file final_32.cif (mmCIF, C-alpha atoms)
data_upload
loop_
_atom_site.label_atom_id
_atom_site.label_comp_id
_atom_site.auth_asym_id
_atom_site.auth_seq_id
_atom_site.Cartn_x
_atom_site.Cartn_y
_atom_site.Cartn_z
CA MET A 236 -111.69 -147.40 93.97
CA TYR A 237 -113.82 -144.96 95.96
CA ARG A 238 -116.57 -146.17 98.25
CA TYR A 239 -117.38 -143.02 100.24
CA ILE A 240 -118.38 -139.90 98.29
CA PHE A 241 -118.43 -136.61 100.20
CA PHE A 242 -120.30 -133.80 98.44
CA ASP A 243 -120.09 -130.10 99.02
CA LEU A 244 -123.51 -128.46 98.57
CA ASP A 245 -123.36 -124.86 97.30
CA GLY A 246 -122.03 -124.73 93.76
CA THR A 247 -121.66 -128.51 93.66
CA LEU A 248 -125.18 -129.90 93.97
CA THR A 249 -127.14 -126.65 93.94
CA ASP A 250 -126.90 -123.12 92.55
CA PRO A 251 -127.59 -120.95 95.61
CA ARG A 252 -126.52 -117.72 93.90
CA GLU A 253 -129.74 -115.76 94.38
CA GLY A 254 -130.38 -116.74 97.98
CA ILE A 255 -126.83 -116.23 99.23
CA THR A 256 -126.10 -112.96 97.45
CA LYS A 257 -129.42 -111.43 98.49
CA SER A 258 -128.85 -112.57 102.08
CA VAL A 259 -125.39 -110.95 102.07
CA GLN A 260 -126.86 -107.82 100.50
CA TYR A 261 -129.47 -107.68 103.27
CA ALA A 262 -126.82 -108.17 105.97
CA LEU A 263 -124.61 -105.45 104.54
CA GLY A 264 -127.59 -103.12 104.40
CA ARG A 265 -128.24 -103.73 108.09
CA MET A 266 -124.57 -102.86 108.66
CA GLY A 267 -124.96 -99.57 106.76
CA ILE A 268 -123.34 -100.72 103.52
CA VAL A 269 -125.27 -100.47 100.26
CA GLU A 270 -124.29 -102.99 97.57
CA GLU A 271 -126.47 -102.99 94.47
CA ASP A 272 -124.36 -105.35 92.34
CA LEU A 273 -125.11 -108.89 93.46
CA THR A 274 -122.33 -110.33 91.27
CA LYS A 275 -119.80 -108.69 93.61
CA LEU A 276 -121.17 -110.86 96.39
CA GLU A 277 -120.71 -114.21 94.63
CA PRO A 278 -117.34 -114.86 96.34
CA PHE A 279 -119.42 -115.46 99.49
CA ILE A 280 -120.72 -118.67 97.93
CA GLY A 281 -118.82 -121.62 99.37
CA PRO A 282 -116.46 -120.32 102.07
CA PRO A 283 -117.55 -119.84 105.69
CA LEU A 284 -119.56 -116.63 106.06
CA LEU A 285 -117.66 -115.36 109.07
CA SER A 286 -114.31 -115.36 107.30
CA SER A 287 -115.86 -113.96 104.11
CA PHE A 288 -117.24 -110.88 105.88
CA MET A 289 -113.84 -110.36 107.47
CA GLU A 290 -111.96 -110.85 104.20
CA TYR A 291 -114.13 -108.94 101.75
CA TYR A 292 -115.40 -106.13 103.99
CA HIS A 293 -112.62 -106.06 106.57
CA PHE A 294 -115.01 -106.55 109.47
CA SER A 295 -113.67 -107.36 112.89
CA ALA A 296 -114.63 -110.78 114.23
CA GLU A 297 -117.34 -109.13 116.34
CA ARG A 298 -118.82 -107.21 113.40
CA ALA A 299 -118.61 -110.29 111.20
CA ARG A 300 -120.61 -112.30 113.72
CA GLU A 301 -123.22 -109.54 113.76
CA ALA A 302 -123.35 -109.63 109.94
CA VAL A 303 -123.84 -113.41 110.01
CA GLU A 304 -126.84 -112.97 112.30
CA TYR A 305 -128.37 -110.43 109.92
CA TYR A 306 -127.62 -112.76 107.00
CA ARG A 307 -129.58 -115.52 108.69
CA GLU A 308 -132.56 -113.25 109.30
CA TYR A 309 -133.09 -113.16 105.55
CA PHE A 310 -131.68 -116.54 104.61
CA SER A 311 -133.68 -118.64 107.09
CA VAL A 312 -137.00 -117.22 105.86
CA THR A 313 -136.45 -116.47 102.17
CA GLY A 314 -132.94 -117.10 100.91
CA VAL A 315 -132.73 -120.79 101.81
CA LEU A 316 -135.18 -121.67 99.02
CA GLN A 317 -133.90 -119.13 96.47
CA ASN A 318 -131.92 -122.02 95.11
CA LEU A 319 -131.76 -124.37 92.13
CA LEU A 320 -130.78 -128.03 91.90
CA LEU A 321 -128.09 -128.47 89.28
CA ASP A 322 -128.87 -130.53 86.19
CA GLY A 323 -128.24 -134.24 86.55
CA VAL A 324 -127.95 -134.38 90.33
CA PRO A 325 -130.78 -136.87 91.00
CA GLU A 326 -129.51 -139.13 88.21
CA LEU A 327 -125.97 -139.02 89.54
CA LEU A 328 -127.02 -139.77 93.12
CA ALA A 329 -129.27 -142.63 91.96
CA ALA A 330 -126.43 -144.12 89.92
CA LEU A 331 -123.98 -143.92 92.81
CA LYS A 332 -126.45 -145.59 95.17
CA ALA A 333 -127.13 -148.33 92.60
CA HIS A 334 -123.39 -149.05 92.63
CA GLY A 335 -123.22 -149.31 96.41
CA LYS A 336 -121.54 -146.01 97.16
CA VAL A 337 -121.92 -144.41 100.59
CA ILE A 338 -123.02 -140.81 99.96
CA ALA A 339 -122.61 -137.91 102.38
CA THR A 340 -122.57 -134.13 102.49
CA ALA A 341 -119.64 -132.14 103.84
CA SER A 342 -120.85 -128.56 103.68
CA SER A 343 -119.86 -125.49 105.65
CA LYS A 344 -123.48 -124.33 105.48
CA PRO A 345 -125.23 -124.87 108.84
CA GLU A 346 -126.55 -128.40 108.94
CA PRO A 347 -130.23 -127.51 109.51
CA PHE A 348 -130.18 -125.54 106.24
CA VAL A 349 -128.41 -128.39 104.41
CA ARG A 350 -131.12 -130.79 105.51
CA GLN A 351 -133.89 -128.35 104.57
CA ILE A 352 -132.47 -127.78 101.08
CA LEU A 353 -131.94 -131.47 100.30
CA ALA A 354 -135.47 -132.27 101.52
CA HIS A 355 -136.90 -129.40 99.45
CA PHE A 356 -135.36 -130.87 96.29
CA GLN A 357 -136.39 -134.39 97.36
CA VAL A 358 -132.87 -135.81 97.17
CA ASP A 359 -132.24 -136.24 100.91
CA SER A 360 -133.08 -139.96 100.75
CA TYR A 361 -129.97 -140.62 98.65
CA PHE A 362 -127.68 -139.53 101.48
CA ASP A 363 -126.43 -141.95 104.11
CA TYR A 364 -125.00 -139.06 106.14
CA ILE A 365 -125.79 -135.34 106.11
CA CYS A 366 -123.14 -133.24 107.79
CA GLY A 367 -122.84 -129.48 107.75
CA GLY A 368 -121.53 -126.59 109.77
CA SER A 369 -122.84 -125.65 113.20
CA MET A 370 -125.14 -122.70 113.87
CA ASP A 371 -122.81 -121.41 116.61
CA GLU A 372 -119.90 -121.14 114.11
CA SER A 373 -117.79 -123.63 116.07
CA ARG A 374 -117.72 -125.93 113.03
CA ILE A 375 -117.48 -123.90 109.83
CA ASN A 376 -114.13 -124.71 108.22
CA LYS A 377 -114.22 -127.54 105.70
CA GLU A 378 -111.64 -129.63 107.52
CA ASP A 379 -113.73 -129.41 110.71
CA VAL A 380 -116.84 -130.54 108.83
CA ILE A 381 -114.99 -133.46 107.25
CA GLU A 382 -113.53 -134.43 110.62
CA GLU A 383 -117.03 -134.48 112.14
CA LEU A 384 -118.38 -136.51 109.22
CA ILE A 385 -115.62 -139.11 109.54
CA ARG A 386 -116.34 -139.29 113.28
CA ARG A 387 -120.06 -139.90 112.70
CA MET A 388 -119.32 -142.56 110.11
CA GLU A 389 -116.81 -144.20 112.47
CA LEU A 390 -114.41 -144.63 109.57
CA PRO A 391 -111.05 -146.09 110.59
CA LYS A 392 -108.03 -144.35 109.12
CA GLU A 393 -107.27 -147.30 106.84
CA GLU A 394 -110.57 -146.56 105.04
CA TRP A 395 -109.77 -142.90 104.33
CA ASN A 396 -108.07 -143.79 101.04
CA ARG A 397 -111.50 -144.88 99.76
CA ILE A 398 -113.01 -141.40 100.26
CA LEU A 399 -113.48 -138.88 97.46
CA MET A 400 -114.51 -135.27 98.09
CA VAL A 401 -116.44 -133.49 95.35
CA GLY A 402 -116.50 -129.70 95.48
CA ASP A 403 -116.27 -126.46 93.53
CA ARG A 404 -113.95 -124.27 95.64
CA ARG A 405 -110.40 -124.43 96.95
CA HIS A 406 -111.77 -124.82 100.48
CA ASP A 407 -113.12 -128.24 99.47
CA VAL A 408 -109.77 -129.28 98.04
CA GLU A 409 -107.73 -127.95 100.96
CA GLY A 410 -110.10 -129.29 103.61
CA ALA A 411 -109.97 -132.78 102.10
CA ALA A 412 -106.20 -132.63 101.69
CA HIS A 413 -105.89 -132.10 105.45
CA PHE A 414 -106.87 -135.78 105.76
CA GLY A 415 -105.04 -137.00 102.67
CA ILE A 416 -108.36 -137.23 100.81
CA PRO A 417 -108.42 -136.36 97.08
CA CYS A 418 -110.96 -133.82 95.84
CA LEU A 419 -112.64 -133.85 92.44
CA GLY A 420 -113.16 -130.25 91.34
CA LEU A 421 -116.36 -129.13 89.64
CA SER A 422 -115.76 -126.23 87.25
CA ILE A 423 -119.43 -125.23 86.91
CA GLY A 424 -119.43 -123.89 90.47
CA PHE A 425 -118.03 -120.61 91.76
CA ALA A 426 -114.26 -121.04 91.72
CA ALA A 427 -112.17 -118.34 90.10
CA GLU A 428 -110.23 -119.34 87.01
CA GLY A 429 -107.33 -121.57 88.00
CA GLU A 430 -108.45 -121.82 91.64
CA LEU A 431 -109.11 -125.54 91.67
CA GLU A 432 -105.93 -126.36 89.76
CA LYS A 433 -103.83 -124.26 92.12
CA ALA A 434 -105.45 -125.85 95.18
CA GLY A 435 -104.52 -129.31 93.91
CA ALA A 436 -107.77 -130.93 92.78
CA VAL A 437 -107.12 -134.50 91.65
CA ALA A 438 -109.11 -133.76 88.47
CA ILE A 439 -111.58 -131.14 87.25
CA VAL A 440 -114.88 -131.91 85.53
CA GLY A 441 -117.72 -129.80 84.20
CA SER A 442 -120.95 -131.76 84.69
CA MET A 443 -122.69 -134.37 86.80
CA GLU A 444 -122.19 -136.84 83.97
CA GLU A 445 -118.45 -136.30 84.21
CA VAL A 446 -118.54 -136.68 87.99
CA GLY A 447 -120.22 -140.07 87.52
CA ALA A 448 -117.80 -141.09 84.80
CA TYR A 449 -114.82 -140.20 87.00
CA ILE A 450 -116.12 -142.15 89.99
CA LEU A 451 -117.50 -145.17 88.16
CA GLY A 452 -115.88 -145.06 84.74
CA LYS A 453 -119.23 -145.09 82.97
CA ASP A 454 -121.68 -142.67 81.39
CA VAL A 455 -124.35 -141.57 83.88
CA SER A 456 -127.19 -142.50 81.52
CA ASP A 457 -125.80 -146.04 81.32
CA MET A 458 -125.45 -146.19 85.09
CA ASP A 459 -129.01 -144.96 85.56
CA ARG A 460 -130.34 -147.68 83.26
CA GLU A 461 -128.35 -150.26 85.21
CA GLY A 462 -129.87 -148.99 88.44
CA GLN A 463 -133.37 -149.26 87.02
CA THR A 464 -132.66 -152.79 85.80
CA ARG A 465 -131.45 -153.82 89.27
CA GLN A 466 -134.57 -152.37 90.87
CA HIS A 467 -136.75 -154.55 88.63
CA GLU A 468 -134.78 -157.74 89.23
#
call {"tool": "encode", "arguments": {"input": "final_32.cif", "output": "structure tokens"}}
result
Amino acid sequence: MYRYIFFDLDGTLTDPREGITKSVQYALGRMGIVEEDLTKLEPFIGPPLLSSFMEYYHFSAERAREAVEYYREYFSVTGVLQNLLLDGVPELLAALKAHGKVIATASSKPEPFVRQILAHFQVDSYFDYICGGSMDESRINKEDVIEELIRRMELPKEEWNRILMVGDRRHDVEGAAHFGIPCLGLSIGFAAEGELEKAGAVAIVGSMEEVGAYILGKDVSDMDREGQTRQHE
């Protein structure tokens, strides 16, 4: 049913908790705000940074942009690799490729960081397209990222019904819905309880195996074995 699989990154393919929260903590410190409890900063994982600083700390747009710059001082050097690849991601991506799926990222994280993270975990080769946000903040909302991805892929509108978004926050669901694209919610990410249901996720799963089963209707281990068999044929 689905040919094009768009993946969010943070909370969907990776656990960026340490790097993002420590980068936010650093930025707040530069703004004169001390926050010792990193768990309070987890809502920053997923949404665009600019809007998060404005929402959670009531910064003006100007102060939020300043905070984003401080965030990147830490993140670009240290925080970008304070990250973990979620269990089963390489197996899932290999299985999807073996079944002819076109795989892409649609992340609000600036694209250079998306590319760096995927290369660090040695999974970048599975992706046909890597699309992220822009460093100048002109492309940070999920719908803008998806629009840019569709443009790069040159997908005609009649093909949009073959796209599936996979993400862990309401922003993924709502951004995809802007184009009539369904979003598969991943409950092991950073959504609050009930967030994905309320946003209208087409279904909610709790592992990479379940993502694979939803897309292909098979167990990931079976799909991986099929992929290996095809490679040897």
call {"tool": "residues_around", "arguments": {"input": "final_32.cif", "residues": "segment 350-362 of chain A", "least_positions_apart": "5", "cutoff": "8 Å", "atoms": "all atoms listed in the file", "output": "PDB file with C-alpha atoms, in the coordinates of the input"}}
result
ATOM      1  CA  VAL A 315    -132.730-120.790 101.810  1.00  0.00           C
ATOM      2  CA  LEU A 316    -135.180-121.670  99.020  1.00  0.00           C
ATOM      3  CA  LEU A 320    -130.780-128.030  91.900  1.00  0.00           C
ATOM      4  CA  PRO A 325    -130.780-136.870  91.000  1.00  0.00           C
ATOM      5  CA  LEU A 328    -127.020-139.770  93.120  1.00  0.00           C
ATOM      6  CA  ALA A 329    -129.270-142.630  91.960  1.00  0.00           C
ATOM      7  CA  LYS A 332    -126.450-145.590  95.170  1.00  0.00           C
ATOM      8  CA  VAL A 337    -121.920-144.410 100.590  1.00  0.00           C
ATOM      9  CA  ILE A 338    -123.020-140.810  99.960  1.00  0.00           C
ATOM     10  CA  ALA A 339    -122.610-137.910 102.380  1.00  0.00           C
ATOM     11  CA  THR A 340    -122.570-134.130 102.490  1.00  0.00           C
TER      12      THR A 340
END
call {"tool": "closest_residue", "arguments": {"input": "final_32.cif", "among": "A:Tyr291, A:Arg298, A:Tyr239, A:Thr247", "to": "Gly441 of chain A", "atoms": "all atoms listed in the file"}}
result
A:Thr247
call {"tool": "atom_distance", "arguments": {"input": "final_32.cif", "atom1": "atom CA of Trp395 of chain A", "atom2": "atom CA of Arg238 of chain A"}}
result
9.7 Å
call {"tool": "closest_residue", "arguments": {"input": "final_32.cif", "among": "A:Asp250, A:Glu430, A:Glu270, A:Glu394", "to": "Gln317 of chain A", "atoms": "only C-alpha atoms"}}
result
A:Asp250
call {"tool": "axis_aligned_box", "arguments": {"input": "final_32.cif", "around": "segment 426-429 of chain A", "padding_each_side": "5 Å", "output": "AutoDock Vina command-line options"}}
result
--center_x -110.8 --center_y -120.0 --center_z 89.4 --size_x 16.9 --size_y 13.2 --size_z 14.7
call {"tool": "atom_distance", "arguments": {"input": "final_32.cif", "atom1": "atom CA of Ala333 of chain A", "atom2": "atom CA of Ala438 of chain A"}}
result
23.5 Å
call {"tool": "residues_near_point", "arguments": {"input": "final_32.cif", "point": "(-118.9, -150.2, 93.2)", "cutoff": "9 Å", "atoms": "only C-alpha atoms", "output": "mmCIF file with C-alpha atoms, keeping the file's coordinate frame"}}
result
data_model
loop_
_atom_site.group_PDB
_atom_site.id
_atom_site.type_symbol
_atom_site.label_atom_id
_atom_site.label_comp_id
_atom_site.auth_asym_id
_atom_site.auth_seq_id
_atom_site.Cartn_x
_atom_site.Cartn_y
_atom_site.Cartn_z
ATOM 1 C CA MET A 236 -111.690 -147.400 93.970
ATOM 2 C CA TYR A 237 -113.820 -144.960 95.960
ATOM 3 C CA ARG A 238 -116.570 -146.170 98.250
ATOM 4 C CA LEU A 331 -123.980 -143.920 92.810
ATOM 5 C CA ALA A 333 -127.130 -148.330 92.600
ATOM 6 C CA HIS A 334 -123.390 -149.050 92.630
ATOM 7 C CA GLY A 335 -123.220 -149.310 96.410
ATOM 8 C CA LYS A 336 -121.540 -146.010 97.160
ATOM 9 C CA LEU A 451 -117.500 -145.170 88.160
#
call {"tool": "atom_distance", "arguments": {"input": "final_32.cif", "atom1": "atom CA of Asn396 of chain A", "atom2": "atom CA of Tyr449 of chain A"}}
result
16.0 Å
call {"tool": "closest_residue", "arguments": {"input": "final_32.cif", "among": "A:Gly429, A:Gly368, A:Gly424, A:Gly452", "to": "Leu284 of chain A", "atoms": "all atoms listed in the file"}}
result
A:Gly368
call {"tool": "closest_residue", "arguments": {"input": "final_32.cif", "among": "A:Leu263, A:Leu419, A:Val312, A:Ile375", "to": "Phe288 of chain A", "atoms": "all atoms listed in the file"}}
result
A:Leu263
call {"tool": "resolve_selection", "arguments": {"input": "final_32.cif", "expression": "the PyMOL selection byres ((chain A and resi 443) around 9)", "output": "list in words"}}
result
Leu248, Leu321, Asp322, Gly323, Val324, Glu326, Leu327, Leu421, Val440, Gly441, Ser442, Glu444, Glu445, Val446, Gly447, Ala448 and Val455 of chain A
call {"tool": "residues_around", "arguments": {"input": "final_32.cif", "residues": "Glu308 of chain A", "least_positions_apart": "5", "cutoff": "9 Å", "atoms": "all atoms listed in the file", "output": "ChimeraX atom specification"}}
result
/A:258,261-262,303,313
call {"tool": "resolve_selection", "arguments": {"input": "final_32.cif", "expression": "the PyMOL selection byres ((chain A and resi 403) around 9)", "output": "ChimeraX atom specification"}}
result
/A:243,245-247,281,401-402,404-408,419-426,431
call {"tool": "write_last_selection", "arguments": {"input": "final_32.cif", "atoms": "C-alpha atoms", "output": "short mmCIF file (atom, residue, chain, number, x, y, z; two decimals), in the frame of the given file"}}
result
data_model
loop_
_atom_site.label_atom_id
_atom_site.label_comp_id
_atom_site.auth_asym_id
_atom_site.auth_seq_id
_atom_site.Cartn_x
_atom_site.Cartn_y
_atom_site.Cartn_z
CA ASP A 243 -120.09 -130.10 99.02
CA ASP A 245 -123.36 -124.86 97.30
CA GLY A 246 -122.03 -124.73 93.76
CA THR A 247 -121.66 -128.51 93.66
CA GLY A 281 -118.82 -121.62 99.37
CA VAL A 401 -116.44 -133.49 95.35
CA GLY A 402 -116.50 -129.70 95.48
CA ARG A 404 -113.95 -124.27 95.64
CA ARG A 405 -110.40 -124.43 96.95
CA HIS A 406 -111.77 -124.82 100.48
CA ASP A 407 -113.12 -128.24 99.47
CA VAL A 408 -109.77 -129.28 98.04
CA LEU A 419 -112.64 -133.85 92.44
CA GLY A 420 -113.16 -130.25 91.34
CA LEU A 421 -116.36 -129.13 89.64
CA SER A 422 -115.76 -126.23 87.25
CA ILE A 423 -119.43 -125.23 86.91
CA GLY A 424 -119.43 -123.89 90.47
CA PHE A 425 -118.03 -120.61 91.76
CA ALA A 426 -114.26 -121.04 91.72
CA LEU A 431 -109.11 -125.54 91.67
#
call {"tool": "resolve_selection", "arguments": {"input": "final_32.cif", "expression": "the PyMOL selection byres ((chain A and resi 411) around 12)", "output": "PDB file with C-alpha atoms, in the frame of the given file"}}
result
ATOM      1  CA  ILE A 240    -118.380-139.900  98.290  1.00  0.00           C
ATOM      2  CA  PHE A 241    -118.430-136.610 100.200  1.00  0.00           C
ATOM      3  CA  PHE A 242    -120.300-133.800  98.440  1.00  0.00           C
ATOM      4  CA  ASP A 243    -120.090-130.100  99.020  1.00  0.00           C
ATOM      5  CA  ALA A 341    -119.640-132.140 103.840  1.00  0.00           C
ATOM      6  CA  SER A 342    -120.850-128.560 103.680  1.00  0.00           C
ATOM      7  CA  ASN A 376    -114.130-124.710 108.220  1.00  0.00           C
ATOM      8  CA  LYS A 377    -114.220-127.540 105.700  1.00  0.00           C
ATOM      9  CA  GLU A 378    -111.640-129.630 107.520  1.00  0.00           C
ATOM     10  CA  ASP A 379    -113.730-129.410 110.710  1.00  0.00           C
ATOM     11  CA  VAL A 380    -116.840-130.540 108.830  1.00  0.00           C
ATOM     12  CA  ILE A 381    -114.990-133.460 107.250  1.00  0.00           C
ATOM     13  CA  GLU A 382    -113.530-134.430 110.620  1.00  0.00           C
ATOM     14  CA  LEU A 384    -118.380-136.510 109.220  1.00  0.00           C
ATOM     15  CA  ILE A 385    -115.620-139.110 109.540  1.00  0.00           C
ATOM     16  CA  TRP A 395    -109.770-142.900 104.330  1.00  0.00           C
ATOM     17  CA  ASN A 396    -108.070-143.790 101.040  1.00  0.00           C
ATOM     18  CA  ILE A 398    -113.010-141.400 100.260  1.00  0.00           C
ATOM     19  CA  LEU A 399    -113.480-138.880  97.460  1.00  0.00           C
ATOM     20  CA  MET A 400    -114.510-135.270  98.090  1.00  0.00           C
ATOM     21  CA  VAL A 401    -116.440-133.490  95.350  1.00  0.00           C
ATOM     22  CA  GLY A 402    -116.500-129.700  95.480  1.00  0.00           C
ATOM     23  CA  ARG A 404    -113.950-124.270  95.640  1.00  0.00           C
ATOM     24  CA  ARG A 405    -110.400-124.430  96.950  1.00  0.00           C
ATOM     25  CA  HIS A 406    -111.770-124.820 100.480  1.00  0.00           C
ATOM     26  CA  ASP A 407    -113.120-128.240  99.470  1.00  0.00           C
ATOM     27  CA  VAL A 408    -109.770-129.280  98.040  1.00  0.00           C
ATOM     28  CA  GLU A 409    -107.730-127.950 100.960  1.00  0.00           C
ATOM     29  CA  GLY A 410    -110.100-129.290 103.610  1.00  0.00           C
ATOM     30  CA  ALA A 412    -106.200-132.630 101.690  1.00  0.00           C
ATOM     31  CA  HIS A 413    -105.890-132.100 105.450  1.00  0.00           C
ATOM     32  CA  PHE A 414    -106.870-135.780 105.760  1.00  0.00           C
ATOM     33  CA  GLY A 415    -105.040-137.000 102.670  1.00  0.00           C
ATOM     34  CA  ILE A 416    -108.360-137.230 100.810  1.00  0.00           C
ATOM     35  CA  PRO A 417    -108.420-136.360  97.080  1.00  0.00           C
ATOM     36  CA  CYS A 418    -110.960-133.820  95.840  1.00  0.00           C
ATOM     37  CA  LEU A 419    -112.640-133.850  92.440  1.00  0.00           C
ATOM     38  CA  GLY A 420    -113.160-130.250  91.340  1.00  0.00           C
ATOM     39  CA  ALA A 434    -105.450-125.850  95.180  1.00  0.00           C
ATOM     40  CA  GLY A 435    -104.520-129.310  93.910  1.00  0.00           C
ATOM     41  CA  ALA A 436    -107.770-130.930  92.780  1.00  0.00           C
ATOM     42  CA  VAL A 437    -107.120-134.500  91.650  1.00  0.00           C
TER      43      VAL A 437
END
